[in-house]
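This is run.csv (CSV, C-alpha atoms).
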```csv
chain,number,residue,atom,x,y,z
X,1,MET,CA,-14.9,-20.1,8.2
X,2,ASN,CA,-15.8,-16.5,8.7
X,3,LYS,CA,-16.0,-14.2,5.7
X,4,VAL,CA,-14.7,-10.7,6.1
X,5,LYS,CA,-15.6,-7.7,4.0
X,6,ALA,CA,-15.5,-4.2,5.1
X,7,SER,CA,-19.0,-3.2,3.8
X,8,LEU,CA,-20.5,-6.2,5.5
X,9,ARG,CA,-18.6,-6.3,8.8
X,10,SER,CA,-18.8,-2.7,9.9
X,11,GLY,CA,-22.3,-1.2,10.2
X,12,GLY,CA,-20.9,2.3,10.3
X,13,PHE,CA,-19.0,2.0,7.0
X,14,GLN,CA,-20.6,2.9,3.7
X,15,PRO,CA,-18.9,2.4,0.4
X,16,PRO,CA,-18.2,5.5,-1.7
X,17,ARG,CA,-21.2,6.8,-3.5
X,18,LEU,CA,-19.1,8.1,-6.3
X,19,THR,CA,-18.9,6.3,-9.6
X,20,ALA,CA,-15.6,4.5,-9.8
X,21,ARG,CA,-14.0,2.8,-12.7
X,22,VAL,CA,-14.1,-0.8,-11.4
X,23,SER,CA,-11.4,-3.4,-12.1
X,24,ASP,CA,-12.4,-6.0,-14.7
X,25,HIS,CA,-11.4,-8.8,-12.4
X,26,HIS,CA,-13.6,-7.6,-9.5
X,27,ASN,CA,-16.4,-10.1,-9.9
X,28,ALA,CA,-14.1,-13.0,-10.9
X,29,LYS,CA,-12.2,-13.5,-7.6
X,30,ALA,CA,-13.0,-16.2,-5.2
X,31,PRO,CA,-12.7,-15.5,-1.4
X,32,ILE,CA,-9.1,-14.9,-0.4
X,33,PRO,CA,-7.7,-16.8,2.6
X,34,PHE,CA,-6.4,-14.6,5.3
X,35,ARG,CA,-3.9,-15.8,7.9
X,36,ALA,CA,-3.1,-13.5,10.8
X,37,PHE,CA,0.5,-12.5,11.6
X,38,ASN,CA,2.2,-15.0,13.9
X,39,GLU,CA,4.1,-13.2,16.6
X,40,GLY,CA,6.2,-16.3,17.2
X,41,GLY,CA,6.7,-17.2,13.6
X,42,GLU,CA,9.8,-16.8,11.4
X,43,LEU,CA,10.2,-13.1,10.4
X,44,ARG,CA,12.4,-11.6,7.6
X,45,ILE,CA,13.2,-7.9,7.9
X,46,TYR,CA,14.6,-5.9,5.0
X,47,ASP,CA,15.9,-2.5,5.8
X,48,HIS,CA,16.3,-0.8,2.4
X,49,GLY,CA,15.0,2.7,2.3
X,50,LEU,CA,13.6,4.7,5.3
X,51,LEU,CA,11.4,2.0,6.7
X,52,PRO,CA,11.9,-1.6,7.8
X,53,HIS,CA,10.0,-4.1,5.7
X,54,TRP,CA,8.7,-7.1,7.6
X,55,ARG,CA,8.0,-10.4,5.8
X,56,GLN,CA,6.3,-13.6,6.9
X,57,THR,CA,5.2,-16.4,4.6
X,58,GLY,CA,1.5,-16.5,4.2
X,59,CYS,CA,0.8,-13.0,5.4
X,60,THR,CA,-1.2,-10.2,3.8
X,61,TYR,CA,0.3,-6.8,3.3
X,62,PHE,CA,-1.3,-3.3,3.0
X,63,VAL,CA,0.9,-1.6,0.4
X,64,THR,CA,1.1,2.0,-0.8
X,65,PHE,CA,3.2,3.1,-3.7
X,66,ARG,CA,3.1,6.6,-5.3
X,67,LEU,CA,4.1,8.7,-8.3
X,68,ALA,CA,7.6,10.2,-8.2
X,69,ASP,CA,6.2,13.7,-8.2
X,70,SER,CA,3.4,13.1,-5.7
X,71,ILE,CA,4.8,14.9,-2.7
X,72,PRO,CA,6.3,18.4,-2.9
X,73,ARG,CA,9.9,18.9,-1.8
X,74,ILE,CA,8.8,21.2,1.1
X,75,VAL,CA,6.5,18.5,2.4
X,76,LEU,CA,9.2,15.8,2.1
X,77,GLU,CA,11.5,18.1,4.1
X,78,ASP,CA,8.8,18.4,6.8
X,79,ILE,CA,8.3,14.6,6.9
X,80,GLU,CA,12.1,14.1,7.1
X,81,ASP,CA,12.3,16.6,10.0
X,82,LYS,CA,9.5,14.8,12.0
X,83,ARG,CA,11.1,11.4,11.2
X,84,ILE,CA,14.5,12.6,12.5
X,85,ARG,CA,12.9,14.1,15.7
X,86,TRP,CA,11.2,10.8,16.4
X,87,LEU,CA,14.4,8.9,16.1
X,88,LYS,CA,16.3,11.3,18.3
X,89,SER,CA,13.6,11.1,20.9
X,90,ARG,CA,14.5,7.4,21.1
X,91,ALA,CA,18.2,8.2,21.4
X,92,ILE,CA,18.9,7.1,17.8
X,93,ASN,CA,21.2,9.3,15.7
X,94,PRO,CA,19.8,9.4,12.2
X,95,ASP,CA,23.2,10.5,10.8
X,96,ASP,CA,24.8,7.3,12.1
X,97,LEU,CA,25.4,4.8,9.3
X,98,ASN,CA,24.0,2.2,11.7
X,99,TRP,CA,20.8,3.9,12.7
X,100,LYS,CA,18.7,1.1,11.2
X,101,SER,CA,20.5,-1.4,13.5
X,102,GLN,CA,19.7,0.9,16.4
X,103,LEU,CA,16.1,1.0,15.3
X,104,ALA,CA,16.0,-2.8,15.1
X,105,LYS,CA,17.0,-3.0,18.7
X,106,LEU,CA,13.9,-1.2,19.9
X,107,PRO,CA,10.9,-3.2,21.1
X,108,ILE,CA,8.8,-4.4,18.2
X,109,CYS,CA,5.9,-2.2,19.3
X,110,GLU,CA,8.2,0.9,19.0
X,111,GLN,CA,9.4,-0.2,15.5
X,112,ARG,CA,5.8,-0.4,14.4
X,113,ILE,CA,5.1,3.0,15.7
X,114,TYR,CA,8.0,4.4,13.7
X,115,ASP,CA,6.6,2.7,10.6
X,116,GLU,CA,3.1,4.0,11.2
X,117,VAL,CA,4.3,7.5,11.9
X,118,VAL,CA,6.2,7.8,8.6
X,119,ALA,CA,3.4,6.2,6.6
X,120,SER,CA,0.8,8.4,8.2
X,121,LEU,CA,2.7,11.5,7.3
X,122,VAL,CA,3.1,10.3,3.7
X,123,ASN,CA,-0.5,9.3,3.3
X,124,SER,CA,-1.8,12.6,4.5
X,125,SER,CA,0.1,14.4,1.9
X,126,LEU,CA,-0.9,12.0,-0.9
X,127,ASP,CA,-4.6,12.6,-0.3
X,128,GLU,CA,-4.0,16.3,-1.1
X,129,CYS,CA,-3.3,15.1,-4.7
X,130,HIS,CA,-0.1,16.9,-5.5
X,131,GLY,CA,1.9,16.4,-8.7
X,132,SER,CA,0.8,15.4,-12.2
X,133,CYS,CA,-1.9,13.0,-10.9
X,134,VAL,CA,-1.9,11.1,-14.2
X,135,LEU,CA,-3.4,8.0,-12.7
X,136,LYS,CA,-6.8,9.7,-12.8
X,137,GLU,CA,-6.7,9.4,-16.6
X,138,GLU,CA,-8.7,6.3,-17.6
X,139,ALA,CA,-6.1,4.7,-19.9
X,140,VAL,CA,-3.3,5.2,-17.3
X,141,GLY,CA,-5.2,4.0,-14.3
X,142,ASN,CA,-6.5,1.0,-16.2
X,143,LYS,CA,-2.9,-0.1,-16.9
X,144,VAL,CA,-2.2,-0.1,-13.1
X,145,ALA,CA,-5.4,-2.0,-12.3
X,146,HIS,CA,-4.6,-4.6,-14.9
X,147,ALA,CA,-1.1,-5.1,-13.6
X,148,LEU,CA,-2.3,-5.5,-10.0
X,149,ASN,CA,-4.6,-8.3,-11.2
X,150,PHE,CA,-2.3,-9.9,-13.8
X,151,PHE,CA,-0.6,-12.4,-11.4
X,152,HIS,CA,-3.6,-13.0,-9.2
X,153,GLY,CA,-3.8,-16.7,-8.3
X,154,GLU,CA,-0.3,-17.4,-9.8
X,155,ARG,CA,2.2,-15.3,-7.7
X,156,VAL,CA,-0.1,-13.2,-5.5
X,157,LEU,CA,-3.7,-12.9,-4.3
X,158,THR,CA,-4.8,-9.4,-5.0
X,159,GLY,CA,-7.4,-8.1,-2.6
X,160,ASP,CA,-9.0,-4.7,-2.2
X,161,PHE,CA,-7.3,-1.8,-4.0
X,162,VAL,CA,-7.8,1.7,-5.1
X,163,VAL,CA,-5.9,3.6,-7.9
X,164,MET,CA,-5.9,7.2,-6.8
X,165,PRO,CA,-4.7,10.1,-9.0
X,166,ASN,CA,-1.1,10.0,-7.6
X,167,HIS,CA,-0.8,6.8,-5.6
X,168,VAL,CA,-2.1,3.3,-5.1
X,169,HIS,CA,-3.3,1.4,-2.0
X,170,VAL,CA,-3.6,-2.4,-2.3
X,171,LEU,CA,-3.9,-5.5,-0.1
X,172,LEU,CA,-1.6,-8.2,-1.4
X,173,THR,CA,-1.0,-11.8,-0.2
X,174,PRO,CA,2.1,-13.3,-1.9
X,175,ILE,CA,1.8,-17.0,-2.8
X,176,THR,CA,4.4,-19.2,-1.1
X,177,GLY,CA,7.6,-19.0,-3.1
X,178,PHE,CA,7.1,-15.4,-4.2
X,179,GLU,CA,8.4,-12.3,-2.3
X,180,LEU,CA,6.5,-9.1,-2.1
X,181,GLU,CA,9.5,-7.1,-3.3
X,182,ASP,CA,9.6,-9.0,-6.6
X,183,ILE,CA,5.9,-8.7,-7.2
X,184,LEU,CA,5.9,-4.9,-6.6
X,185,HIS,CA,9.0,-4.6,-8.8
X,186,SER,CA,7.2,-6.4,-11.7
X,187,VAL,CA,4.1,-4.2,-11.3
X,188,LYS,CA,5.9,-0.9,-11.0
X,189,SER,CA,8.5,-1.6,-13.7
X,190,TYR,CA,5.8,-2.8,-16.2
X,191,THR,CA,3.4,0.0,-15.6
X,192,ALA,CA,6.2,2.7,-15.6
X,193,ASN,CA,7.4,1.5,-19.1
X,194,GLU,CA,3.8,1.2,-20.5
X,195,ILE,CA,2.6,4.5,-19.1
X,196,ASN,CA,5.7,6.4,-20.2
X,197,LYS,CA,5.2,5.1,-23.7
X,198,LEU,CA,1.5,6.0,-23.5
X,199,LEU,CA,2.3,9.6,-22.4
X,200,ASN,CA,5.3,9.8,-24.8
X,201,ARG,CA,7.8,10.6,-22.1
X,202,ASN,CA,10.9,9.1,-20.6
X,203,GLU,CA,11.3,9.9,-16.9
X,204,SER,CA,11.0,8.4,-13.4
X,205,PHE,CA,7.4,7.4,-12.9
X,206,TRP,CA,7.1,5.7,-9.4
X,207,GLN,CA,8.9,6.6,-6.2
X,208,ARG,CA,11.4,3.9,-5.6
X,209,GLU,CA,10.4,2.8,-2.0
X,210,SER,CA,6.9,1.5,-1.4
X,211,TYR,CA,5.3,1.4,2.1
X,212,ASP,CA,4.0,-1.8,3.4
X,213,HIS,CA,2.5,-3.2,6.6
X,214,ILE,CA,1.9,-6.8,7.6
X,215,VAL,CA,-1.8,-7.1,8.4
X,216,ARG,CA,-1.8,-8.4,12.0
X,217,ASP,CA,-5.4,-9.7,12.4
X,218,ALA,CA,-8.9,-9.8,11.0
X,219,GLU,CA,-9.8,-6.5,12.8
X,220,GLN,CA,-6.9,-4.7,11.1
X,221,LEU,CA,-7.8,-6.3,7.8
X,222,GLU,CA,-11.2,-4.8,8.0
X,223,ALA,CA,-9.8,-1.4,8.9
X,224,TYR,CA,-7.5,-1.4,5.9
X,225,GLN,CA,-10.5,-2.4,3.6
X,226,GLN,CA,-12.4,0.5,5.0
X,227,TYR,CA,-9.5,2.8,4.5
X,228,ILE,CA,-9.2,1.8,0.8
X,229,GLY,CA,-12.9,2.1,0.3
X,230,VAL,CA,-13.3,5.6,1.6
X,231,ASN,CA,-10.0,7.0,0.4
X,232,PRO,CA,-11.6,8.6,-2.8
X,233,LEU,CA,-14.2,10.4,-0.6
X,234,LYS,CA,-11.5,11.6,1.8
X,235,ALA,CA,-9.5,13.1,-1.0
X,236,LYS,CA,-12.7,14.7,-2.4
X,237,LEU,CA,-12.3,13.0,-5.8
X,238,ARG,CA,-14.9,13.4,-8.6
X,239,GLU,CA,-16.6,10.6,-10.3
X,240,GLY,CA,-14.4,8.6,-12.6
X,241,GLU,CA,-11.1,9.9,-11.1
X,242,PHE,CA,-10.2,6.6,-9.4
X,243,ILE,CA,-10.5,2.8,-9.8
X,244,LEU,CA,-11.8,0.8,-6.8
X,245,SER,CA,-11.9,-3.0,-6.4
X,246,SER,CA,-13.0,-4.9,-3.3
X,247,ALA,CA,-12.5,-8.5,-2.2
X,248,VAL,CA,-13.9,-11.0,0.3
X,249,TYR,CA,-11.6,-12.8,2.7
X,250,GLN,CA,-11.9,-16.0,4.6
X,251,ILE,CA,-10.2,-16.3,8.0
X,252,VAL,CA,-8.0,-19.4,8.3
X,253,SER,CA,-6.0,-20.7,11.2
```
When written as structure tokens, how does the structure in this file appear?
Amino acid sequence: MNKVKASLRSGGFQPPRLTARVSDHHNAKAPIPFRAFNEGGELRIYDHGLLPHWRQTGCTYFVTFRLADSIPRIVLEDIEDKRIRWLKSRAINPDDLNWKSQLAKLPICEQRIYDEVVASLVNSSLDECHGSCVLKEEAVGNKVAHALNFFHGERVLTGDFVVMPNHVHVLLTPITGFELEDILHSVKSYTANEINKLLNRNESFWQRESYDHIVRDAEQLEAYQQYIGVNPLKAKLREGEFILSSAVYQIVS
């Protein structure tokens, strides 16, 4: 079986040269099996929030979740304007209560484009590090890294991840019988409660909706690994302001 790791597979990719706080579980993980998305397989689609969430048993997901204050209102309004214009260009009325049903009728490739457009706009803003950015504090970031690894091997296989000052990128492969929504709810609920206690506050911590993409194939897996690895450099972070953990994958049929 082929082993896939971004720093090994891509000659042009170099890991960040900054000093990262590395997750405790980093060296303890065995290679993670990766199964590509099956275009003809059973697909579950949840449409809560602004994005469709595709689910297929055995798949790996690239997930982003962010702090509640991570994107300024003016930026959110700009993202919403671009999202609306994209929908209207496909003859979808975003004010219609059934706009998600109309979106679901578009070809799958178009639905993916919508997903990627919105996620790209959000990620660009996140890398500007708006908001409180409390995740760069060591005690806070460590709680998130610990939670991501807590159910590894029991409910989910946790792959590469980076805890940035105001958001998190992570590759997750739910184990059969566990749904990604439930795993993310556990991680976000636990960390929100723990971090609010640590900071002596009582307020919304995470943005409710997370962004996730099914990883289609080994090539895309490598691209996401590279994205995670260079995200701190792209955001021009200083040493110690992020937590980075990498993983090795095995391709299975």
(message) Which residue is closest to Tyr114 (chain X)? Choose from X:Arg90, X:Asn98, X:Val75, X:Gln220 and count only C-alpha atoms.
(response) X:Arg90
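The gap separating CA of Lys136 (chain X) from CA of Leu237 (chain X) is 9.5 Å, in Å to one decimal.
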(request) Determine, counting all atoms listed in the file, which protein, DNA and RNA residues have an atom within 10 Å of an atom of Leu221 (chain X); residues of the same chain fewer than 5 positions away are not included. Present the result as a ChimeraX atom specification. (result) /X:4-6,34,36,60-62,171,214-216,226-227,249
(message) Could you check the closest approach to Leu172 (chain X) for each of X:Glu194, X:Glu137, X:Glu203, X:Asp212 and tell me which residue wins, using only C-alpha atoms?
(response)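 Selected residue with least distance to Leu172 (chain X): X:Asp212.
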(request) Please check which residues have atoms at most 10 Å from (5.0, 16.6, 2.4) in the file's coordinates, counting only C-alpha atoms, and write them as a list of chain:residue names. (result)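 Here is the list of nearby residues: X:Ser70, X:Ile71, X:Pro72, X:Arg73, X:Ile74, X:Val75, X:Leu76, X:Glu77, X:Asp78, X:Ile79, X:Glu80, X:Leu121, X:Val122, X:Asn123, X:Ser124, X:Ser125, X:Leu126, X:Glu128, X:His130.
Residue nearest Asp69 (chain X), chosen from X:Phe205, X:Phe242, X:Trp54, X:Tyr211 and counting all atoms listed in the file: X:Phe205.
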Could N, CA and C atoms be built for region 196-210 of chain X and written out as an mmCIF file, keeping the file's coordinate frame?
```
data_model
loop_
_atom_site.group_PDB
_atom_site.id
_atom_site.type_symbol
_atom_site.label_atom_id
_atom_site.label_comp_id
_atom_site.auth_asym_id
_atom_site.auth_seq_id
_atom_site.Cartn_x
_atom_site.Cartn_y
_atom_site.Cartn_z
ATOM 1 N N ASN X 196 4.789 5.451 -19.555
ATOM 2 C CA ASN X 196 5.700 6.400 -20.200
ATOM 3 C C ASN X 196 5.547 6.385 -21.712
ATOM 4 N N LYS X 197 5.377 5.177 -22.274
ATOM 5 C CA LYS X 197 5.200 5.100 -23.700
ATOM 6 C C LYS X 197 3.819 5.714 -24.094
ATOM 7 N N LEU X 198 2.808 5.462 -23.283
ATOM 8 C CA LEU X 198 1.500 6.000 -23.500
ATOM 9 C C LEU X 198 1.502 7.550 -23.517
ATOM 10 N N LEU X 199 2.268 8.107 -22.587
ATOM 11 C CA LEU X 199 2.300 9.600 -22.400
ATOM 12 C C LEU X 199 3.461 10.198 -23.229
ATOM 13 N N ASN X 200 4.185 9.355 -23.975
ATOM 14 C CA ASN X 200 5.300 9.800 -24.800
ATOM 15 C C ASN X 200 6.326 10.600 -23.999
ATOM 16 N N ARG X 201 6.797 9.957 -22.928
ATOM 17 C CA ARG X 201 7.800 10.600 -22.100
ATOM 18 C C ARG X 201 8.787 9.522 -21.607
ATOM 19 N N ASN X 202 9.907 9.970 -21.071
ATOM 20 C CA ASN X 202 10.900 9.100 -20.600
ATOM 21 C C ASN X 202 11.514 9.629 -19.287
ATOM 22 N N GLU X 203 10.878 9.320 -18.177
ATOM 23 C CA GLU X 203 11.300 9.900 -16.900
ATOM 24 C C GLU X 203 10.858 8.930 -15.762
ATOM 25 N N SER X 204 11.369 9.191 -14.579
ATOM 26 C CA SER X 204 11.000 8.400 -13.400
ATOM 27 C C SER X 204 9.473 8.499 -13.221
ATOM 28 N N PHE X 205 8.830 7.355 -13.009
ATOM 29 C CA PHE X 205 7.400 7.400 -12.900
ATOM 30 C C PHE X 205 6.959 7.140 -11.417
ATOM 31 N N TRP X 206 7.446 6.047 -10.819
ATOM 32 C CA TRP X 206 7.100 5.700 -9.400
ATOM 33 C C TRP X 206 8.236 6.131 -8.487
ATOM 34 N N GLN X 207 7.886 6.507 -7.267
ATOM 35 C CA GLN X 207 8.900 6.600 -6.200
ATOM 36 C C GLN X 207 9.440 5.258 -5.914
ATOM 37 N N ARG X 208 10.760 5.168 -5.703
ATOM 38 C CA ARG X 208 11.400 3.900 -5.600
ATOM 39 C C ARG X 208 10.849 3.047 -4.418
ATOM 40 N N GLU X 209 10.796 3.629 -3.222
ATOM 41 C CA GLU X 209 10.400 2.800 -2.000
ATOM 42 C C GLU X 209 8.871 2.821 -1.908
ATOM 43 N N SER X 210 8.336 1.638 -1.687
ATOM 44 C CA SER X 210 6.900 1.500 -1.400
ATOM 45 C C SER X 210 6.765 1.338 0.134
#
```
